[in-house]
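Text of the file upload_21.csv, holding CSV, C-alpha atoms:
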chain,number,residue,atom,x,y,z
W,5,MET,CA,0.0,0.0,0.0
W,6,LYS,CA,1.3,3.4,-1.0
W,7,ASP,CA,2.4,5.6,1.9
W,8,ASN,CA,1.3,8.8,0.1
W,9,GLN,CA,-2.4,7.7,0.1
W,10,THR,CA,-4.8,9.9,1.9
W,11,ARG,CA,-5.3,8.9,5.5
W,12,ILE,CA,-8.6,9.0,7.5
W,13,GLY,CA,-9.2,8.4,11.1
W,14,ILE,CA,-12.2,6.6,12.5
W,15,ILE,CA,-13.4,7.1,16.1
W,16,THR,CA,-16.5,5.9,18.0
W,17,SER,CA,-17.2,8.1,21.0
W,18,GLY,CA,-19.7,8.5,23.8
W,19,GLY,CA,-22.3,5.8,24.5
W,20,ASP,CA,-22.2,2.8,22.2
W,21,ALA,CA,-25.1,2.1,19.8
W,22,PRO,CA,-26.0,-1.0,17.7
W,23,GLY,CA,-24.8,-0.4,14.2
W,24,MET,CA,-21.5,1.3,15.0
W,25,ASN,CA,-19.7,-1.7,13.7
W,26,ALA,CA,-21.6,-1.5,10.5
W,27,VAL,CA,-20.5,2.1,10.1
W,28,ILE,CA,-16.9,1.1,10.7
W,29,ARG,CA,-17.1,-1.6,8.1
W,30,ALA,CA,-18.6,0.8,5.6
W,31,VAL,CA,-16.0,3.4,6.2
W,32,VAL,CA,-13.1,1.0,5.9
W,33,ARG,CA,-14.3,-0.6,2.7
W,34,SER,CA,-15.3,2.7,1.2
W,35,ALA,CA,-11.9,4.1,2.0
W,36,ALA,CA,-10.2,1.1,0.2
W,37,HIS,CA,-12.5,1.7,-2.8
W,38,PHE,CA,-11.3,5.3,-3.0
W,39,GLU,CA,-7.6,4.2,-2.4
W,40,MET,CA,-7.5,5.8,1.0
W,41,ARG,CA,-6.0,4.4,4.2
W,42,ALA,CA,-8.3,4.0,7.2
W,43,TYR,CA,-7.0,4.2,10.8
W,44,GLY,CA,-9.0,3.1,13.8
W,45,ILE,CA,-8.8,5.2,17.0
W,46,HIS,CA,-9.5,2.9,19.9
W,47,ALA,CA,-11.5,3.9,23.1
W,48,GLY,CA,-12.8,7.2,21.8
W,49,PHE,CA,-10.9,10.4,22.2
W,50,ASP,CA,-9.2,8.9,25.2
W,51,GLY,CA,-7.5,6.5,22.9
W,52,LEU,CA,-6.4,9.3,20.6
W,53,PHE,CA,-4.4,10.9,23.5
W,54,LYS,CA,-2.9,7.5,24.4
W,55,ASN,CA,-2.0,6.8,20.7
W,56,GLU,CA,-4.1,3.7,20.6
W,57,ILE,CA,-4.3,3.9,16.8
W,58,ASP,CA,-3.8,1.3,14.1
W,59,GLU,CA,-4.5,0.8,10.4
W,60,ILE,CA,-7.6,-1.2,9.6
W,61,HIS,CA,-7.9,-3.1,6.3
W,62,PRO,CA,-11.0,-4.4,4.6
W,63,ASP,CA,-10.4,-8.0,5.8
W,64,ASP,CA,-10.3,-6.7,9.4
W,65,VAL,CA,-14.0,-5.8,9.2
W,66,THR,CA,-15.3,-9.0,7.8
W,67,GLY,CA,-18.2,-10.4,9.8
W,68,ILE,CA,-18.8,-7.3,12.0
W,69,ILE,CA,-21.9,-5.8,10.2
W,70,HIS,CA,-24.3,-7.8,12.5
W,71,ARG,CA,-22.4,-7.3,15.8
W,72,GLY,CA,-23.5,-4.9,18.5
W,73,GLY,CA,-21.2,-2.5,20.3
W,74,THR,CA,-18.1,-1.2,18.6
W,75,ILE,CA,-14.9,-3.1,17.8
W,76,LEU,CA,-13.0,0.2,18.3
W,77,ARG,CA,-14.4,0.5,21.8
W,78,THR,CA,-15.5,3.8,23.3
W,79,ALA,CA,-15.0,5.9,26.4
W,80,ARG,CA,-15.8,9.3,27.9
W,81,CYS,CA,-12.8,11.8,27.8
W,82,ASP,CA,-12.6,14.7,30.2
W,83,GLU,CA,-9.5,16.0,28.5
W,84,MET,CA,-11.6,16.9,25.4
W,85,MET,CA,-13.6,19.3,27.6
W,86,THR,CA,-10.6,21.7,27.8
W,87,GLU,CA,-9.2,24.0,25.2
W,88,GLU,CA,-5.7,22.7,25.9
W,89,GLY,CA,-6.9,19.1,25.4
W,90,GLN,CA,-8.7,19.9,22.2
W,91,ALA,CA,-5.5,21.5,20.8
W,92,HIS,CA,-3.5,18.5,21.8
W,93,ALA,CA,-5.9,16.2,20.1
W,94,ALA,CA,-5.7,18.2,16.9
W,95,GLU,CA,-1.9,18.0,17.0
W,96,ILE,CA,-2.0,14.2,17.3
W,97,CYS,CA,-4.3,14.1,14.2
W,98,LYS,CA,-1.8,16.3,12.3
W,99,VAL,CA,1.1,14.0,13.3
W,100,MET,CA,-0.9,11.0,12.1
W,101,LYS,CA,-1.4,12.9,8.8
W,102,PHE,CA,-5.2,12.4,8.9
W,103,GLU,CA,-6.8,14.2,6.0
W,104,THR,CA,-10.2,13.7,7.7
W,105,VAL,CA,-11.4,12.3,11.0
W,106,ILE,CA,-14.8,10.5,10.9
W,107,VAL,CA,-16.5,10.8,14.3
W,108,ILE,CA,-19.3,8.3,15.0
W,109,GLY,CA,-21.5,9.2,18.0
W,110,GLY,CA,-24.0,11.6,19.5
W,111,ASP,CA,-24.1,15.3,20.3
W,112,GLY,CA,-21.2,15.2,22.8
W,113,SER,CA,-19.0,13.4,20.2
W,114,PHE,CA,-19.9,16.0,17.6
W,115,ARG,CA,-18.9,18.8,20.1
W,116,GLY,CA,-15.5,17.0,20.2
W,117,ALA,CA,-15.5,16.9,16.4
W,118,GLU,CA,-16.3,20.6,16.2
W,119,SER,CA,-13.4,21.4,18.5
W,120,LEU,CA,-11.0,19.5,16.2
W,121,SER,CA,-12.3,21.5,13.2
W,122,ARG,CA,-11.6,24.7,15.0
W,123,HIS,CA,-8.0,23.6,15.3
W,124,GLY,CA,-7.6,22.8,11.6
W,125,ILE,CA,-8.7,19.2,11.4
W,126,ASN,CA,-11.3,18.2,8.7
W,127,VAL,CA,-14.1,16.2,10.3
W,128,VAL,CA,-17.2,14.3,9.2
W,129,GLY,CA,-19.8,13.2,11.8
W,130,ILE,CA,-22.1,10.2,11.7
W,131,PRO,CA,-25.0,10.3,14.2
W,132,ALA,CA,-25.2,7.1,16.3
W,133,THR,CA,-27.2,7.2,19.6
W,134,ILE,CA,-30.1,5.1,20.8
W,135,ASP,CA,-31.8,8.2,22.3
W,136,LEU,CA,-32.4,9.9,18.9
W,137,ASP,CA,-31.7,13.1,20.8
W,138,MET,CA,-30.0,15.0,18.0
W,139,GLU,CA,-31.9,18.0,16.6
W,140,CYS,CA,-30.3,18.0,13.1
W,141,THR,CA,-31.4,14.5,12.0
W,142,GLU,CA,-34.6,12.5,11.9
W,143,TYR,CA,-32.7,9.2,12.5
W,144,THR,CA,-29.7,8.1,14.5
W,145,ILE,CA,-28.0,4.8,14.1
W,146,GLY,CA,-29.0,2.4,17.0
W,147,PHE,CA,-32.4,3.8,17.6
W,148,ASP,CA,-34.4,1.1,15.7
W,149,THR,CA,-32.5,-1.7,17.5
W,150,ALA,CA,-33.1,-0.1,20.9
W,151,VAL,CA,-36.9,0.3,20.2
W,152,ASN,CA,-37.1,-3.4,19.3
W,153,THR,CA,-35.0,-4.5,22.3
W,154,VAL,CA,-37.2,-2.5,24.7
W,155,ALA,CA,-40.5,-3.6,23.0
W,156,ASN,CA,-39.5,-7.2,23.3
W,157,ALA,CA,-38.6,-6.8,27.0
W,158,ILE,CA,-42.0,-5.2,27.6
W,159,VAL,CA,-43.8,-8.1,26.0
W,160,ARG,CA,-42.2,-10.4,28.6
W,161,LEU,CA,-43.0,-8.0,31.4
W,162,ARG,CA,-46.6,-7.9,30.3
W,163,ASP,CA,-46.9,-11.7,30.7
W,164,THR,CA,-46.0,-11.6,34.4
W,165,SER,CA,-47.8,-8.3,35.0
W,166,SER,CA,-51.1,-9.6,33.7
W,167,SER,CA,-50.6,-12.8,35.7
W,168,HIS,CA,-50.4,-10.8,38.9
W,169,ASP,CA,-52.8,-8.0,38.1
W,170,ARG,CA,-49.9,-5.6,38.4
W,171,CYS,CA,-48.9,-2.1,37.2
W,172,SER,CA,-45.5,-2.2,35.5
W,173,VAL,CA,-43.4,0.9,35.5
W,174,VAL,CA,-40.7,0.5,32.9
W,175,GLU,CA,-37.8,3.0,32.7
W,176,VAL,CA,-35.9,3.3,29.4
W,177,MET,CA,-33.0,5.5,28.3
W,178,GLY,CA,-33.4,9.1,27.2
W,179,ARG,CA,-31.9,11.7,29.6
W,180,ASN,CA,-32.9,14.8,27.7
W,181,ALA,CA,-35.3,13.4,25.1
W,182,GLY,CA,-38.3,11.0,25.3
W,183,HIS,CA,-38.2,9.6,21.7
W,184,LEU,CA,-37.2,6.1,22.8
W,185,ALA,CA,-39.9,6.0,25.5
W,186,LEU,CA,-42.5,7.4,23.2
W,187,TRP,CA,-41.9,5.0,20.4
W,188,CYS,CA,-41.6,2.1,22.8
W,189,GLY,CA,-44.8,3.1,24.6
W,190,LEU,CA,-46.7,3.3,21.4
W,191,ALA,CA,-45.3,0.1,20.0
W,192,SER,CA,-46.0,-1.8,23.3
W,193,GLY,CA,-49.5,-0.4,24.0
W,194,ALA,CA,-48.6,1.5,27.1
W,195,ASP,CA,-51.3,3.2,29.2
W,196,GLU,CA,-49.0,6.2,29.8
W,197,VAL,CA,-45.6,7.6,28.7
W,198,LEU,CA,-43.7,10.0,31.0
W,199,ILE,CA,-41.2,12.0,29.0
W,200,PRO,CA,-39.3,15.3,29.5
W,201,GLU,CA,-41.1,17.0,26.6
W,202,HIS,CA,-44.6,16.3,28.1
W,203,PRO,CA,-44.6,16.6,32.0
W,204,ILE,CA,-47.5,14.9,33.7
W,205,ASP,CA,-48.6,15.0,37.3
W,206,ILE,CA,-48.7,11.6,39.0
W,207,LYS,CA,-52.3,12.3,40.0
W,208,GLU,CA,-53.3,12.2,36.4
W,209,VAL,CA,-51.7,8.7,36.0
W,210,GLU,CA,-53.5,7.5,39.1
W,211,GLU,CA,-56.9,8.7,37.9
W,212,GLN,CA,-56.3,7.1,34.5
W,213,ILE,CA,-55.5,3.7,36.1
W,214,LEU,CA,-58.6,3.9,38.3
W,215,ASN,CA,-60.8,4.6,35.3
W,216,GLU,CA,-59.3,1.6,33.4
W,217,ARG,CA,-59.8,-0.6,36.4
W,218,ALA,CA,-63.4,0.4,36.5
W,219,LYS,CA,-63.7,-0.8,32.9
W,220,GLY,CA,-62.3,-4.2,33.8
W,221,LYS,CA,-58.6,-3.8,32.9
W,222,ASN,CA,-56.5,-5.8,35.3
W,223,HIS,CA,-52.9,-4.8,34.4
W,224,HIS,CA,-51.2,-1.6,33.4
W,225,LEU,CA,-48.0,-0.4,31.7
W,226,ILE,CA,-46.3,3.0,32.3
W,227,VAL,CA,-43.1,3.8,30.3
W,228,VAL,CA,-40.8,6.3,31.9
W,229,ALA,CA,-37.9,8.1,30.2
W,230,GLU,CA,-34.6,8.2,32.1
W,231,GLY,CA,-34.8,12.0,32.1
W,232,ILE,CA,-38.0,11.8,34.2
W,233,GLY,CA,-36.4,9.2,36.4
W,234,GLY,CA,-37.7,8.0,39.7
W,235,SER,CA,-39.5,4.9,38.3
W,236,ASP,CA,-39.2,3.1,41.6
W,237,LYS,CA,-40.6,6.1,43.5
W,238,ILE,CA,-43.5,6.3,40.9
W,239,ALA,CA,-44.3,2.6,41.4
W,240,LYS,CA,-44.4,2.9,45.1
W,241,GLU,CA,-46.6,6.0,44.9
W,242,LEU,CA,-49.0,4.2,42.6
W,243,GLU,CA,-49.2,1.2,44.9
W,244,ARG,CA,-49.7,3.4,48.0
W,245,ALA,CA,-52.4,5.5,46.4
W,246,LEU,CA,-54.3,2.9,44.5
W,247,GLY,CA,-53.7,-0.3,46.4
W,248,ILE,CA,-52.5,-2.0,43.2
W,249,GLU,CA,-49.3,-4.0,43.3
W,250,SER,CA,-46.8,-2.0,41.2
W,251,ARG,CA,-43.3,-2.9,40.2
W,252,ALA,CA,-40.5,-0.8,38.6
W,253,THR,CA,-38.1,-2.2,36.0
W,254,ILE,CA,-35.1,-0.3,34.9
W,255,LEU,CA,-33.9,-1.9,31.7
W,256,GLY,CA,-30.5,-0.1,31.8
W,257,HIS,CA,-27.7,-0.9,29.5
W,258,LEU,CA,-29.2,-4.0,27.9
W,259,GLN,CA,-30.9,-1.4,25.6
W,260,ARG,CA,-27.6,-0.6,24.0
W,261,GLY,CA,-26.7,-4.2,23.1
W,262,GLY,CA,-27.7,-6.8,20.7
W,263,MET,CA,-27.5,-7.4,16.9
W,264,PRO,CA,-28.5,-4.2,15.0
W,265,THR,CA,-31.6,-4.4,13.0
W,266,ALA,CA,-31.6,-4.4,9.2
W,267,ILE,CA,-32.8,-0.7,9.3
W,268,ASP,CA,-29.8,0.3,11.5
W,269,ARG,CA,-27.4,-1.6,9.3
W,270,MET,CA,-28.8,0.0,6.1
W,271,HIS,CA,-28.5,3.6,7.5
W,272,ALA,CA,-25.0,2.7,8.9
W,273,SER,CA,-23.8,1.5,5.6
W,274,VAL,CA,-25.1,4.4,3.6
W,275,MET,CA,-23.9,7.0,6.1
W,276,GLY,CA,-20.4,5.4,6.3
W,277,PHE,CA,-20.0,5.5,2.6
W,278,MET,CA,-21.2,9.1,2.4
W,279,ALA,CA,-18.7,10.2,5.1
W,280,VAL,CA,-15.8,8.7,3.1
W,281,GLU,CA,-17.1,10.2,-0.1
W,282,ALA,CA,-17.2,13.6,1.6
W,283,ALA,CA,-13.6,13.1,2.8
W,284,LYS,CA,-12.5,12.1,-0.8
W,285,ASN,CA,-14.1,15.3,-2.2
W,286,LYS,CA,-12.6,17.4,0.6
W,287,ASN,CA,-16.1,18.3,1.7
W,288,ALA,CA,-15.0,18.9,5.3
W,289,ASN,CA,-16.7,19.7,8.6
W,290,LYS,CA,-20.0,18.1,7.7
W,291,ILE,CA,-22.5,15.7,9.4
W,292,VAL,CA,-24.3,13.0,7.5
W,293,ILE,CA,-28.0,13.1,8.4
W,294,PHE,CA,-31.3,11.6,7.4
W,295,ARG,CA,-34.0,14.1,6.7
W,296,ASN,CA,-37.2,14.1,4.6
W,297,GLY,CA,-36.6,10.5,3.5
W,298,LYS,CA,-33.1,10.9,2.3
W,299,HIS,CA,-29.5,11.0,3.5
W,300,GLU,CA,-27.6,14.3,3.1
W,301,LEU,CA,-24.6,16.3,4.2
W,302,ILE,CA,-25.0,19.5,6.3
W,303,SER,CA,-22.4,21.8,7.9
W,304,LEU,CA,-21.5,21.6,11.5
W,305,GLU,CA,-22.9,25.1,12.0
W,306,GLU,CA,-26.3,24.0,10.6
W,307,ALA,CA,-26.3,20.9,12.7
W,308,PHE,CA,-25.8,22.7,16.0
W,309,ALA,CA,-28.3,25.4,15.1
W,310,ALA,CA,-31.0,22.9,14.1
W,311,LYS,CA,-34.2,22.6,16.2
W,312,ARG,CA,-36.6,19.7,15.8
W,313,GLU,CA,-40.1,20.0,17.2
W,314,TYR,CA,-41.4,17.4,19.6
W,315,ASN,CA,-44.0,15.2,17.9
W,316,HIS,CA,-47.0,15.7,20.1
W,317,LYS,CA,-49.1,13.6,17.7
W,318,LEU,CA,-47.4,10.4,18.7
W,319,TYR,CA,-48.3,11.0,22.3
W,320,GLN,CA,-51.9,11.7,21.4
W,321,ILE,CA,-52.1,8.5,19.4
W,322,THR,CA,-50.6,6.6,22.4
W,323,LYS,CA,-53.3,8.0,24.7
W,324,ILE,CA,-56.2,7.3,22.3
W,325,LEU,CA,-55.1,3.7,21.7
W,326,ALA,CA,-54.7,3.1,25.4
W,327,ILE,CA,-58.4,3.6,26.0
Would you mind giving the structure from this file in structure tokens?
Amino acid sequence: MKDNQTRIGIITSGGDAPGMNAVIRAVVRSAAHFEMRAYGIHAGFDGLFKNEIDEIHPDDVTGIIHRGGTILRTARCDEMMTEEGQAHAAEICKVMKFETVIVIGGDGSFRGAESLSRHGINVVGIPATIDLDMECTEYTIGFDTAVNTVANAIVRLRDTSSSHDRCSVVEVMGRNAGHLALWCGLASGADEVLIPEHPIDIKEVEEQILNERAKGKNHHLIVVAEGIGGSDKIAKELERALGIESRATILGHLQRGGMPTAIDRMHASVMGFMAVEAAKNKNANKIVIFRNGKHELISLEEAFAAKREYNHKLYQITKILAI
């Protein structure tokens, strides 16, 4: 392989999401197609500082498209929160002769990418987070897999909940956004969904459950976003107020794992290719997004300025179908 070929770095940062490996595969093989050299940066930005970097060849990514997690591993990095650390990271990229660094992750990862761009490093971002909490895109890699994982877990909880005439309070991820909770609630037939975008008083939930009991319903499902939190407290309050056995289940990090769905793998493959194509065309400091039914490139500035409205219609449908 020629040493004068264009080099690109690949980094997965922040929380892992199913489909990240499919992105890595797409980036590495697209780079080979365009006669570029791909380098994997291990353990996020922390690995960049520790020089945990090695070249990745097309054969190295065989058989990873269906694997969850990320073969490059990921980690949080406090050093990237400082101006000094950001400048140091950019210097390492320059020493490695990276023409472009492709950053795969969520909003925090893209803040890191933006800091590299301010120090002269070309970057392209690919959105990957199970929370779907990025304003600039209608889809993030890992979201579909997480929805299916949670929905399948809720099906199992429903079996035992109905056997004991219980109320199940299920907490899912989503610190600042309730997209995962809302989708899972709708897909699972939840009685109520508690999310940051639509605050609800616990008294309203209690009244709803009492009304449903009066109509003969013997078990109930409440889906709570992590940003609301307190699912155990909510369950105890419902049991105290209503005299109905209530149990909280926090699904935790199992939501991040598992084989990515075909939808996630498709988006990952297309976005990975487009990121490398952008690097080849020197179309720097962009983010690959999915909007209005198609994949496209937007600038970092546009991405950070974007605002996406909360879809109140989905919540309304959830409530109507719960009757």
In terms of the shortest atom-to-atom distance over all atoms listed in the file, which of W:Gly276, W:Gly247, W:Pro203, W:Gly182 is closest to Val32 of chain W? W:Gly276
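Atom CA of Phe294 of chain W lies 28.5 Å from atom CA of Asp50 of chain W.
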Using Å and a single decimal, report how far atom CA of Ser17 of chain W sits from atom CA of Ala47 of chain W.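 Spanning atom CA of Ala47 of chain W to atom CA of Ser17 of chain W is a straight-line distance of 7.4 Å.
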Counting all atoms listed in the file, which residues of segment 39-142 of chain W sit at most 12 Å from some atom of segment 296-300 of chain W, and what is each one's closest atom pair with its distance in Å to one decimal, listed by chain and rising residue number, as JSON lines?
{"residue": "W:Gly129", "atom": "CA", "partner": "W:Glu300", "partner_atom": "CA", "distance": 11.7}
{"residue": "W:Ile130", "atom": "CA", "partner": "W:Glu300", "partner_atom": "CA", "distance": 11.0}
{"residue": "W:Pro131", "atom": "CA", "partner": "W:His299", "partner_atom": "CA", "distance": 11.6}
{"residue": "W:Cys140", "atom": "CA", "partner": "W:Glu300", "partner_atom": "CA", "distance": 11.0}
{"residue": "W:Thr141", "atom": "CA", "partner": "W:His299", "partner_atom": "CA", "distance": 9.4}
{"residue": "W:Glu142", "atom": "CA", "partner": "W:Asn296", "partner_atom": "CA", "distance": 7.9}
Per residue of segment 138-176 of chain W within 12 Å of segment 70-73 of chain W, what are the shortest atom pair and its distance in Å to one decimal, counting all atoms listed in the file, with rows by chain and residue number, as a Markdown table?
| residue | atom | partner | partner_atom | distance |
| --- | --- | --- | --- | --- |
| W:Ile145 | CA | W:Gly72 | CA | 11.6 |
| W:Gly146 | CA | W:Gly72 | CA | 9.3 |
| W:Thr149 | CA | W:Gly72 | CA | 9.6 |
| W:Ala150 | CA | W:Gly72 | CA | 11.0 |
Next, dump the selected residues to file, keeping only C-alpha atoms, as a PDB file, keeping the file's coordinate frame.
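As a result, again-v4.pdb now contains:
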ATOM      1  CA  ILE W 145     -28.000   4.800  14.100  1.00  0.00           C
ATOM      2  CA  GLY W 146     -29.000   2.400  17.000  1.00  0.00           C
ATOM      3  CA  THR W 149     -32.500  -1.700  17.500  1.00  0.00           C
ATOM      4  CA  ALA W 150     -33.100  -0.100  20.900  1.00  0.00           C
TER       5      ALA W 150
END
Excluding Leu190 of chain W and any residue of its chain fewer than 3 positions from it, enumerate the residues within 12 Å of it, using only C-alpha atoms, and give them as a JSON list (two decimals) with C-alpha atoms, in the frame of the given file.
[["chain", "number", "residue", "atom", "x", "y", "z"],
["W", 151, "VAL", "CA", -36.90, 0.30, 20.20],
["W", 152, "ASN", "CA", -37.10, -3.40, 19.30],
["W", 154, "VAL", "CA", -37.20, -2.50, 24.70],
["W", 155, "ALA", "CA", -40.50, -3.60, 23.00],
["W", 158, "ILE", "CA", -42.00, -5.20, 27.60],
["W", 183, "HIS", "CA", -38.20, 9.60, 21.70],
["W", 184, "LEU", "CA", -37.20, 6.10, 22.80],
["W", 185, "ALA", "CA", -39.90, 6.00, 25.50],
["W", 186, "LEU", "CA", -42.50, 7.40, 23.20],
["W", 187, "TRP", "CA", -41.90, 5.00, 20.40],
["W", 193, "GLY", "CA", -49.50, -0.40, 24.00],
["W", 194, "ALA", "CA", -48.60, 1.50, 27.10],
["W", 195, "ASP", "CA", -51.30, 3.20, 29.20],
["W", 196, "GLU", "CA", -49.00, 6.20, 29.80],
["W", 197, "VAL", "CA", -45.60, 7.60, 28.70],
["W", 225, "LEU", "CA", -48.00, -0.40, 31.70],
["W", 226, "ILE", "CA", -46.30, 3.00, 32.30],
["W", 227, "VAL", "CA", -43.10, 3.80, 30.30],
["W", 317, "LYS", "CA", -49.10, 13.60, 17.70],
["W", 318, "LEU", "CA", -47.40, 10.40, 18.70],
["W", 319, "TYR", "CA", -48.30, 11.00, 22.30],
["W", 320, "GLN", "CA", -51.90, 11.70, 21.40],
["W", 321, "ILE", "CA", -52.10, 8.50, 19.40],
["W", 322, "THR", "CA", -50.60, 6.60, 22.40],
["W", 323, "LYS", "CA", -53.30, 8.00, 24.70],
["W", 324, "ILE", "CA", -56.20, 7.30, 22.30],
["W", 325, "LEU", "CA", -55.10, 3.70, 21.70],
["W", 326, "ALA", "CA", -54.70, 3.10, 25.40]]
Restricting the calculation to all atoms listed in the file, which member of W:Ala91, W:Ala245, W:Ala218, W:Val228 is positioned closest to Gly189 of chain W? W:Val228
Proximity to Lys219 of chain W - best of W:Arg11, W:Met100, W:Lys54, W:Ile327, only C-alpha atoms: W:Ile327
